[in-house]
Amino acid sequence: MKYNRLSQDDAAVLFIDHQTGLISLVQDIAPDTFNNNVLALAHMAQYFKLPAILTTSFENGPNGPLLPALKQAFPSAPYIARPGQINAWDNEEFVAAVKTTGRRQLIIAGIVTDVCVTLPTLSALEAGYHVFVITDASGTFNEISRYSAWMRMASAGAQLMTWFSAASELQRDWRKDAQGFGEYLMKHVPVYSNLYASYTTQKKN
């Protein structure tokens with residue numbers, strides 16, 4: 001096995017179909033936890049200055065518009081409202097936006113895992129990209145759907161990660177920016193706040 005690790009210089013983040021209607025379909029992760037994970041991924045992209053691409057599917061229908069928090073997080077990012085394609089990779093504008101980044105590592109998350117994440121993941125792999133699926137910022141109906149999707153993507157060559165593991169792999173070394181990275185983690189891992197508070201108190205003393 002060759003360890004293909006995430007690189008800050010070669011990764012882009014794709015947010016696929018995090019829509020106000022579709023989010024009600026996420027039943028395999030608690031709502032507050034899922035929301036935290038999606039925002040953690042967004043803040044990860046901001047912290048590491050990774051290109052981000054936002055896309056929605058049939059947002060004028062029941063799927064609804066993009067989550068407002070993501071719009072606010074990336075006001076200048078490419079935003080592709082697909083008119084109907086279920087697989088985002090079937091949309092030429094979306095694929096063009098991915099190519100424009102010049103990045104070969106795609107960090108993907110979306111709703112639902114077994115469709116909106118799996119289909120573009122398989123397509124991107126076929127196109128020669130390295131795909132890293134953020135499992136806890138993607139959601140679906142139930143565990144059967146989730147594990148079926150995970151197995152299908154992993155067997156095709158995608159790497160399955162959590163936002164925390166992806167952020168840690170991008171950081172590589174605490175000495176890079178201990179304070180900044182610690183403050184980022186504190187926003188999304190409540191128990192880490194205790195650990196960080198202990199560290200800062202000890203440092204002052």
# chains A, B, ... in the order shown; residues from 1 in each chain; ligands from 1
>>> residues_around(residues="Phe34 in chain A", least_positions_apart="6", cutoff="8 Å", atoms="only C-alpha atoms", output="VMD selection string")
chain A and resid 136 to 139
>>> select_by_dssp(residues="chain A", states="alpha helix (DSSP H)", output="VMD selection string")
chain A and resid 31 to 47 68 to 73 92 to 101 118 to 126 143 to 156 163 to 171 178 to 188 190 to 204
>>> residues_around(residues="Asn35 in chain A", least_positions_apart="2", cutoff="12 Å", atoms="only C-alpha atoms", output="number ranges by chain")
A: 18-20, 23-24, 26, 29-33, 37-42, 67-70, 110-111, 136-139, 188
>>> residues_around(residues="Ala166 in chain A", least_positions_apart="3", cutoff="9 Å", atoms="only C-alpha atoms", output="short mmCIF file (atom, residue, chain, number, x, y, z; two decimals) with C-alpha atoms, in the first residue's frame")
data_model
loop_
_atom_site.label_atom_id
_atom_site.label_comp_id
_atom_site.auth_asym_id
_atom_site.auth_seq_id
_atom_site.Cartn_x
_atom_site.Cartn_y
_atom_site.Cartn_z
CA LEU A 6 -3.80 14.78 2.08
CA LEU A 41 -15.40 20.75 7.36
CA MET A 44 -11.25 23.33 7.84
CA ILE A 107 -12.35 16.04 -0.31
CA PHE A 132 -11.25 11.49 0.30
CA ILE A 134 -15.67 12.85 4.83
CA MET A 161 -12.14 9.83 6.74
CA THR A 162 -13.73 11.99 9.40
CA TRP A 163 -13.31 15.76 9.35
CA GLU A 169 -3.51 15.00 8.27
CA LEU A 170 -3.47 18.43 6.65
CA GLN A 171 -1.94 20.01 9.75
#
>>> residues_around(residues="range 140-143 of chain A", least_positions_apart="4", cutoff="8 Å", atoms="only C-alpha atoms", output="PyMOL selection string")
chain A and resi 25-28+111-114+147
>>> write_last_selection(atoms="N, CA, C and O atoms", output="tab-separated table (two decimals), in the first residue's frame")
chain	number	residue	atom	x	y	z
A	25	LEU	N	-33.44	14.15	5.40
A	25	LEU	CA	-33.28	12.73	5.12
A	25	LEU	C	-32.16	12.10	5.94
A	25	LEU	O	-32.05	10.87	6.00
A	26	VAL	N	-31.34	12.93	6.55
A	26	VAL	CA	-30.20	12.40	7.32
A	26	VAL	C	-30.69	11.85	8.65
A	26	VAL	O	-31.06	12.59	9.56
A	27	GLN	N	-30.68	10.52	8.74
A	27	GLN	CA	-31.17	9.84	9.92
A	27	GLN	C	-30.09	8.99	10.60
A	27	GLN	O	-30.34	8.40	11.65
A	28	ASP	N	-28.91	8.93	10.00
A	28	ASP	CA	-27.85	8.08	10.57
A	28	ASP	C	-26.90	8.85	11.48
A	28	ASP	O	-26.01	8.26	12.09
A	111	ILE	N	-25.08	15.10	0.89
A	111	ILE	CA	-26.34	14.43	1.23
A	111	ILE	C	-27.02	14.01	-0.08
A	111	ILE	O	-27.17	14.85	-0.97
A	112	VAL	N	-27.38	12.73	-0.22
A	112	VAL	CA	-27.19	11.64	0.71
A	112	VAL	C	-25.95	10.83	0.33
A	112	VAL	O	-25.56	10.81	-0.83
A	113	THR	N	-25.41	10.12	1.32
A	113	THR	CA	-24.14	9.43	1.13
A	113	THR	C	-24.15	8.44	-0.02
A	113	THR	O	-23.20	8.37	-0.81
A	114	ASP	N	-25.23	7.67	-0.12
A	114	ASP	CA	-25.26	6.57	-1.10
A	114	ASP	C	-25.59	7.03	-2.52
A	114	ASP	O	-25.50	6.24	-3.46
A	147	TYR	N	-23.43	2.07	5.18
A	147	TYR	CA	-22.36	1.08	5.03
A	147	TYR	C	-22.26	0.53	3.61
A	147	TYR	O	-21.17	0.23	3.14
>>> select_by_dssp(residues="range 54-144 of chain A", states="strand (DSSP E)", output="ChimeraX atom specification")
/A:54-57,79-82,105-110,130-134
>>> write_last_selection(atoms="C-alpha atoms", output="mmCIF file, in the first residue's frame")
data_model
loop_
_atom_site.group_PDB
_atom_site.id
_atom_site.type_symbol
_atom_site.label_atom_id
_atom_site.label_comp_id
_atom_site.auth_asym_id
_atom_site.auth_seq_id
_atom_site.Cartn_x
_atom_site.Cartn_y
_atom_site.Cartn_z
ATOM 1 C CA LEU A 54 -20.627 24.253 -3.660
ATOM 2 C CA THR A 55 -23.349 22.536 -5.621
ATOM 3 C CA THR A 56 -27.045 21.754 -5.273
ATOM 4 C CA SER A 57 -29.469 19.544 -7.144
ATOM 5 C CA TYR A 79 -21.688 27.710 -6.705
ATOM 6 C CA ILE A 80 -23.324 25.389 -9.202
ATOM 7 C CA ALA A 81 -27.086 24.970 -8.923
ATOM 8 C CA ARG A 82 -27.579 21.867 -11.053
ATOM 9 C CA GLN A 105 -7.155 15.503 -4.297
ATOM 10 C CA LEU A 106 -10.888 15.936 -3.801
ATOM 11 C CA ILE A 107 -12.347 16.045 -0.310
ATOM 12 C CA ILE A 108 -16.037 15.225 -0.751
ATOM 13 C CA ALA A 109 -19.049 15.389 1.555
ATOM 14 C CA GLY A 110 -22.759 15.602 0.887
ATOM 15 C CA HIS A 130 -7.762 10.937 -5.535
ATOM 16 C CA VAL A 131 -10.942 11.091 -3.462
ATOM 17 C CA PHE A 132 -11.247 11.492 0.298
ATOM 18 C CA VAL A 133 -14.819 11.109 1.560
ATOM 19 C CA ILE A 134 -15.669 12.852 4.828
#
>>> atom_distance(atom1="CA of Glu93 in chain A", atom2="CA of Arg146 in chain A")
27.9 Å
>>> closest_residue(among="A:Leu122, A:Arg175, A:Asp17, A:Lys203", to="Gln159 in chain A", atoms="only C-alpha atoms")
A:Leu122
>>> closest_residue(among="A:Ala127, A:Ala167, A:Ser155, A:Pro190", to="Gln46 in chain A", atoms="only C-alpha atoms")
A:Ala167
>>> closest_residue(among="A:Leu66, A:Leu119, A:Gln8, A:Lys2", to="Ser168 in chain A", atoms="only C-alpha atoms")
A:Gln8
>>> residues_around(residues="Arg103 in chain A", least_positions_apart="5", cutoff="8 Å", atoms="only C-alpha atoms", output="CSV table (one decimal) with all heavy atoms, in the first residue's frame")
chain,number,residue,atom,x,y,z
A,9,ASP,N,-1.6,21.7,-0.4
A,9,ASP,CA,-1.3,22.3,-1.7
A,9,ASP,C,-2.0,21.6,-2.9
A,9,ASP,O,-1.9,22.1,-4.0
A,9,ASP,CB,0.2,22.3,-2.0
A,9,ASP,CG,1.0,23.1,-1.0
A,9,ASP,OD1,0.5,24.1,-0.6
A,9,ASP,OD2,2.1,22.6,-0.6
A,10,ASP,N,-2.6,20.5,-2.6
A,10,ASP,CA,-3.2,19.7,-3.7
A,10,ASP,C,-4.7,19.3,-3.5
A,10,ASP,O,-5.3,18.6,-4.3
A,10,ASP,CB,-2.4,18.4,-4.0
A,10,ASP,CG,-2.7,17.8,-5.4
A,10,ASP,OD1,-3.0,18.6,-6.3
A,10,ASP,OD2,-2.6,16.6,-5.5
A,11,ALA,N,-5.3,19.8,-2.4
A,11,ALA,CA,-6.7,19.4,-2.1
A,11,ALA,C,-7.7,20.5,-2.3
A,11,ALA,O,-7.4,21.7,-2.1
A,11,ALA,CB,-6.7,18.9,-0.6
A,12,ALA,N,-8.9,20.1,-2.7
A,12,ALA,CA,-10.0,21.0,-2.8
A,12,ALA,C,-11.2,20.3,-2.1
A,12,ALA,O,-11.2,19.0,-2.0
A,12,ALA,CB,-10.4,21.2,-4.3
A,98,VAL,N,-14.2,22.0,-10.9
A,98,VAL,CA,-13.2,21.1,-10.2
A,98,VAL,C,-11.8,21.2,-11.0
A,98,VAL,O,-10.8,21.4,-10.4
A,98,VAL,CB,-13.7,19.7,-10.2
A,98,VAL,CG1,-12.6,18.8,-9.7
A,98,VAL,CG2,-14.9,19.5,-9.3
>>> decode(residues="range 29-44 of chain A", atoms="N, CA and C atoms", output="mmCIF file, in the first residue's frame")
data_model
loop_
_atom_site.group_PDB
_atom_site.id
_atom_site.type_symbol
_atom_site.label_atom_id
_atom_site.label_comp_id
_atom_site.auth_asym_id
_atom_site.auth_seq_id
_atom_site.Cartn_x
_atom_site.Cartn_y
_atom_site.Cartn_z
ATOM 1 N N ILE A 29 -27.087 10.164 11.591
ATOM 2 C CA ILE A 29 -26.303 11.004 12.500
ATOM 3 C C ILE A 29 -27.265 11.985 13.164
ATOM 4 N N ALA A 30 -27.075 12.234 14.437
ATOM 5 C CA ALA A 30 -27.927 13.189 15.150
ATOM 6 C C ALA A 30 -27.825 14.562 14.487
ATOM 7 N N PRO A 31 -28.946 15.294 14.362
ATOM 8 C CA PRO A 31 -28.961 16.575 13.650
ATOM 9 C C PRO A 31 -27.914 17.577 14.117
ATOM 10 N N ASP A 32 -27.764 17.753 15.429
ATOM 11 C CA ASP A 32 -26.805 18.741 15.920
ATOM 12 C C ASP A 32 -25.372 18.316 15.637
ATOM 13 N N THR A 33 -25.122 17.003 15.735
ATOM 14 C CA THR A 33 -23.789 16.485 15.438
ATOM 15 C C THR A 33 -23.468 16.654 13.965
ATOM 16 N N PHE A 34 -24.439 16.353 13.114
ATOM 17 C CA PHE A 34 -24.218 16.473 11.676
ATOM 18 C C PHE A 34 -23.946 17.922 11.291
ATOM 19 N N ASN A 35 -24.725 18.829 11.833
ATOM 20 C CA ASN A 35 -24.527 20.257 11.536
ATOM 21 C C ASN A 35 -23.137 20.707 11.960
ATOM 22 N N ASN A 36 -22.705 20.263 13.131
ATOM 23 C CA ASN A 36 -21.370 20.597 13.622
ATOM 24 C C ASN A 36 -20.294 20.063 12.686
ATOM 25 N N ASN A 37 -20.481 18.838 12.188
ATOM 26 C CA ASN A 37 -19.478 18.217 11.326
ATOM 27 C C ASN A 37 -19.356 18.938 9.983
ATOM 28 N N VAL A 38 -20.495 19.339 9.440
ATOM 29 C CA VAL A 38 -20.478 20.071 8.169
ATOM 30 C C VAL A 38 -19.766 21.410 8.338
ATOM 31 N N LEU A 39 -20.057 22.107 9.419
ATOM 32 C CA LEU A 39 -19.403 23.390 9.674
ATOM 33 C C LEU A 39 -17.919 23.195 9.969
ATOM 34 N N ALA A 40 -17.578 22.107 10.635
ATOM 35 C CA ALA A 40 -16.168 21.813 10.916
ATOM 36 C C ALA A 40 -15.398 21.621 9.616
ATOM 37 N N LEU A 41 -16.034 20.951 8.655
ATOM 38 C CA LEU A 41 -15.398 20.754 7.355
ATOM 39 C C LEU A 41 -15.247 22.091 6.631
ATOM 40 N N ALA A 42 -16.271 22.925 6.717
ATOM 41 C CA ALA A 42 -16.207 24.248 6.089
ATOM 42 C C ALA A 42 -15.089 25.085 6.701
ATOM 43 N N HIS A 43 -15.006 25.067 8.022
ATOM 44 C CA HIS A 43 -13.968 25.841 8.697
ATOM 45 C C HIS A 43 -12.583 25.256 8.433
ATOM 46 N N MET A 44 -12.516 23.952 8.210
ATOM 47 C CA MET A 44 -11.248 23.328 7.838
ATOM 48 C C MET A 44 -10.757 23.872 6.503
#
